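Have a look at model.cif below; it lists mmCIF, C-alpha atoms.
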```cif
data_target
#
loop_
_atom_site.label_atom_id
_atom_site.label_comp_id
_atom_site.auth_asym_id
_atom_site.auth_seq_id
_atom_site.Cartn_x
_atom_site.Cartn_y
_atom_site.Cartn_z
CA MET Z 14 -11.21 22.17 4.97
CA LYS Z 15 -8.99 19.17 4.28
CA ILE Z 16 -10.51 15.72 4.77
CA VAL Z 17 -8.36 12.59 4.89
CA PRO Z 18 -9.37 9.51 2.85
CA PRO Z 19 -10.89 6.52 4.68
CA ASN Z 20 -8.37 4.42 6.61
CA PHE Z 21 -5.60 6.92 5.87
CA GLY Z 22 -2.33 6.18 7.60
CA PHE Z 23 1.30 7.16 7.68
CA VAL Z 24 3.39 4.06 6.97
CA GLU Z 25 6.84 5.64 6.85
CA GLU Z 26 8.21 8.99 5.84
CA LYS Z 27 6.71 9.71 2.39
CA VAL Z 28 4.85 6.36 2.34
CA TYR Z 29 1.07 6.45 2.96
CA ARG Z 30 -1.91 4.11 2.84
CA SER Z 31 -5.67 4.65 2.53
CA GLY Z 32 -8.97 3.63 1.09
CA GLU Z 33 -9.59 4.98 -2.40
CA PRO Z 34 -9.90 8.78 -2.24
CA SER Z 35 -12.80 10.74 -3.72
CA GLU Z 36 -13.07 14.37 -4.74
CA MET Z 37 -13.51 15.64 -1.17
CA HIS Z 38 -10.06 14.19 -0.28
CA PHE Z 39 -8.11 15.84 -3.11
CA PRO Z 40 -7.20 19.03 -1.18
CA PHE Z 41 -5.64 16.88 1.55
CA LEU Z 42 -3.80 14.69 -0.97
CA GLU Z 43 -2.33 17.80 -2.59
CA THR Z 44 -0.49 18.50 0.68
CA LEU Z 45 1.32 15.16 0.36
CA ARG Z 46 2.83 16.12 -3.04
CA LEU Z 47 2.47 12.55 -4.26
CA LYS Z 48 4.72 11.27 -7.00
CA THR Z 49 3.20 7.75 -7.24
CA VAL Z 50 -0.13 6.07 -6.42
CA ILE Z 51 -0.47 2.30 -6.31
CA SER Z 52 -4.15 1.44 -6.76
CA LEU Z 53 -5.14 -2.03 -5.65
CA SER Z 54 -8.80 -1.46 -6.56
CA SER Z 55 -10.14 -3.63 -9.36
CA ASP Z 56 -11.91 -0.58 -10.76
CA THR Z 57 -10.24 2.75 -9.90
CA ASN Z 58 -12.62 5.70 -9.53
CA LYS Z 59 -12.51 7.73 -12.77
CA GLY Z 60 -12.52 11.03 -10.84
CA PHE Z 61 -9.50 9.87 -8.85
CA GLU Z 62 -7.73 8.76 -12.04
CA SER Z 63 -8.40 12.16 -13.64
CA TRP Z 64 -7.05 13.96 -10.57
CA ILE Z 65 -3.92 11.78 -10.61
CA GLN Z 66 -3.33 12.54 -14.30
CA ALA Z 67 -4.01 16.27 -13.89
CA ASN Z 68 -1.41 16.43 -11.10
CA GLY Z 69 1.32 14.56 -12.98
CA ILE Z 70 1.27 11.62 -10.58
CA ARG Z 71 2.35 8.18 -11.75
CA LEU Z 72 -0.48 5.63 -11.40
CA VAL Z 73 0.29 1.94 -10.92
CA LYS Z 74 -2.99 0.06 -11.52
CA ALA Z 75 -2.36 -3.28 -9.84
CA GLY Z 76 -5.95 -4.09 -8.91
CA GLU Z 77 -6.74 -5.31 -12.41
CA ARG Z 78 -4.17 -8.08 -11.91
CA ILE Z 79 -5.66 -9.41 -8.67
CA PRO Z 80 -7.87 -12.49 -8.99
CA GLU Z 81 -11.48 -11.84 -8.05
CA SER Z 82 -12.12 -15.39 -6.85
CA GLY Z 83 -11.08 -16.62 -3.42
CA ASN Z 84 -10.05 -14.65 -0.38
CA VAL Z 85 -6.32 -14.28 -1.09
CA PRO Z 86 -6.05 -10.79 -2.58
CA LEU Z 87 -2.60 -10.98 -4.16
CA THR Z 88 -0.26 -13.33 -5.88
CA GLU Z 89 3.24 -13.60 -4.49
CA GLU Z 90 4.61 -12.27 -7.79
CA LEU Z 91 2.44 -9.15 -7.69
CA CYS Z 92 3.21 -8.51 -4.03
CA ILE Z 93 6.96 -8.65 -4.76
CA GLU Z 94 6.54 -6.21 -7.66
CA LEU Z 95 4.55 -3.78 -5.50
CA LEU Z 96 7.00 -4.00 -2.60
CA GLN Z 97 9.88 -3.17 -4.92
CA LYS Z 98 8.02 -0.02 -5.96
CA LEU Z 99 7.29 0.81 -2.30
CA ILE Z 100 10.91 0.59 -1.20
CA ASP Z 101 12.30 2.57 -4.14
CA PRO Z 102 12.70 6.22 -3.03
CA ASN Z 103 12.44 7.32 -6.68
CA ASN Z 104 8.68 6.73 -6.27
CA TYR Z 105 8.27 8.90 -3.13
CA PRO Z 106 6.00 10.31 -1.89
CA ILE Z 107 3.81 7.29 -2.56
CA LEU Z 108 0.25 6.25 -1.64
CA VAL Z 109 -1.06 2.67 -1.60
CA CYS Z 110 -4.84 2.43 -1.71
CA ASP Z 111 -7.76 0.15 -2.44
CA GLY Z 112 -11.53 0.40 -1.99
CA MET Z 113 -11.53 0.80 1.79
CA GLY Z 114 -7.82 0.44 2.55
CA ARG Z 115 -8.32 -2.78 4.48
CA HIS Z 116 -7.43 -6.10 2.90
CA ARG Z 117 -5.29 -5.60 -0.19
CA THR Z 118 -3.52 -2.54 1.17
CA GLY Z 119 -3.15 -4.21 4.57
CA THR Z 120 -1.58 -7.29 3.01
CA VAL Z 121 1.00 -5.29 1.05
CA ILE Z 122 1.84 -3.12 4.07
CA GLY Z 123 2.06 -6.24 6.26
CA CYS Z 124 4.63 -7.72 3.89
CA LEU Z 125 6.49 -4.39 3.89
CA ARG Z 126 6.61 -4.59 7.69
CA LYS Z 127 8.24 -8.02 7.38
CA ILE Z 128 10.97 -6.46 5.26
CA GLN Z 129 11.41 -3.95 8.08
CA ARG Z 130 11.83 -6.89 10.48
CA TRP Z 131 8.74 -6.11 12.56
CA ASN Z 132 7.63 -9.06 14.66
CA LEU Z 133 4.57 -10.92 13.40
CA ALA Z 134 2.38 -9.94 16.36
CA SER Z 135 2.95 -6.23 15.63
CA ILE Z 136 2.33 -6.71 11.92
CA LEU Z 137 -0.97 -8.49 12.53
CA THR Z 138 -2.02 -5.92 15.13
CA GLU Z 139 -1.57 -3.18 12.54
CA TYR Z 140 -3.41 -5.22 9.88
CA ARG Z 141 -6.33 -5.80 12.27
CA ARG Z 142 -6.46 -2.15 13.33
CA TYR Z 143 -7.21 -1.13 9.73
CA ALA Z 144 -9.36 -4.17 8.87
CA GLY Z 145 -11.51 -3.83 11.98
CA ASN Z 146 -13.88 -6.76 12.44
CA ARG Z 147 -13.46 -7.61 8.74
CA GLY Z 148 -9.95 -9.05 8.97
CA ARG Z 149 -9.28 -12.14 6.89
CA LEU Z 150 -7.30 -15.11 8.11
CA ASP Z 151 -6.12 -15.82 4.54
CA ASN Z 152 -4.48 -12.37 4.39
CA GLU Z 153 -2.81 -12.91 7.74
CA GLN Z 154 -1.47 -16.27 6.57
CA PHE Z 155 -0.22 -14.70 3.34
CA ILE Z 156 1.70 -12.11 5.38
CA GLU Z 157 3.08 -14.74 7.77
CA LEU Z 158 4.28 -17.05 4.99
CA PHE Z 159 5.56 -14.33 2.63
CA ASP Z 160 9.27 -14.84 1.86
CA ILE Z 161 10.98 -11.45 2.06
CA ASP Z 162 14.15 -12.88 0.53
CA LEU Z 163 12.35 -12.79 -2.83
CA VAL Z 164 12.26 -8.98 -2.72
CA LYS Z 165 15.36 -7.39 -4.24
CA LEU Z 166 16.25 -4.18 -2.46
CA PRO Z 167 17.41 -1.37 -4.74
CA MET Z 168 20.88 0.04 -4.08
CA ASN Z 169 19.29 3.33 -2.98
CA ALA Z 170 16.76 1.71 -0.60
CA PRO Z 171 16.23 3.80 2.53
CA SER Z 172 17.94 2.36 5.63
CA LYS Z 173 14.52 1.63 7.19
CA PHE Z 174 14.17 -1.19 4.62
CA THR Z 175 17.68 -2.66 4.77
CA PRO Z 176 18.70 -5.48 7.13
CA VAL Z 177 20.74 -4.48 10.15
#
```
Turn this file's structure into structure tokens for me.
Amino acid sequence: MKIVPPNFGFVEEKVYRSGEPSEMHFPFLETLRLKTVISLSSDTNKGFESWIQANGIRLVKAGERIPESGNVPLTEELCIELLQKLIDPNNYPILVCDGMGRHRTGTVIGCLRKIQRWNLASILTEYRRYAGNRGRLDNEQFIELFDIDLVKLPMNAPSKFTPV
């Protein structure tokens, strides 16, 4: 039986989000044929790291660079760096995850939605759907104020990420 990780979601073709997977989720993850995992957890599960390494998947450990103090989970600089990895098809299929797939992942995906020119109400609705009753106003403000012009689109960026 294949069990999806907590808060798993399809973001775009070959772009996924979730809470941090554990051993019971590995059979499902194998079906995704991941090439890259962006971990926003401050301490990535060692079993998950071993599985990533054993399957030849590139691991981007960004969680170690996120300040523990305060409610804002990301710096603008780190968010830009992660978004550039997310919109580069050379990294696909790609999974973005953190502890429960709520706040940090939701913030990055919310900023990605801005690049896609989603309206703010739709972006925040998606953020809140994954965050449940644990949504954070600071994350929503970060998404709202994030300047997408700071993100440099690669020449080979999929059309879903390029301005009309």
Between Z:Leu125, Z:Ile107, Z:Leu45, Z:Ile93, which is the closest to Arg71 (chain Z) once you count all atoms listed in the file?
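Under the stated criterion, the closest residue is Z:Ile107.
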Report as a PDB file with C-alpha atoms, in the frame of the given file the residues that result from applying the PyMOL selection byres ((chain Z and resi 55-61) around 6) to the structure here.
```
ATOM      1  CA  SER Z  54      -8.800  -1.460  -6.560  1.00  0.00           C
ATOM      2  CA  GLU Z  62      -7.730   8.760 -12.040  1.00  0.00           C
ATOM      3  CA  SER Z  63      -8.400  12.160 -13.640  1.00  0.00           C
ATOM      4  CA  TRP Z  64      -7.050  13.960 -10.570  1.00  0.00           C
ATOM      5  CA  GLY Z  76      -5.950  -4.090  -8.910  1.00  0.00           C
ATOM      6  CA  GLU Z  77      -6.740  -5.310 -12.410  1.00  0.00           C
TER       7      GLU Z  77
END
```
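The spacing separating CA of Asn132 (chain Z) from CA of Arg149 (chain Z) amounts to 18.9 Å.
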I need the output of the PyMOL selection byres ((chain Z and resi 94-97) around 7) for this file as a ChimeraX atom specification; which residues are they?
/Z:90-93,98-101,125,164-166
At what distance in Å, to one decimal, does CA of Ile16 (chain Z) lie from CA of Phe41 (chain Z)?
6.0 Å
So how many Å separate CA of Gly148 (chain Z) and CA of Gly119 (chain Z), to one decimal?
9.4 Å
Rank Z:Ala144, Z:Cys110, Z:Met37, Z:Leu42 by their smallest atom-to-atom distance to Leu72 (chain Z), using only C-alpha atoms, and report the top residue only.
Z:Cys110
Which one of Z:Asn103, Z:Gln129, Z:Ser172, Z:Thr138 sits closest to Glu153 (chain Z) if you count only C-alpha atoms?
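The closest residue to Glu153 (chain Z) is Z:Thr138.
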Just say which residues the PyMOL selection byres ((chain Z and resi 175) around 10) picks in this file, as a list in words.
Ile100, Ile128, Gln129, Arg130, Leu166, Pro167, Met168, Asn169, Ala170, Pro171, Ser172, Lys173, Phe174, Pro176 and Val177 of chain Z
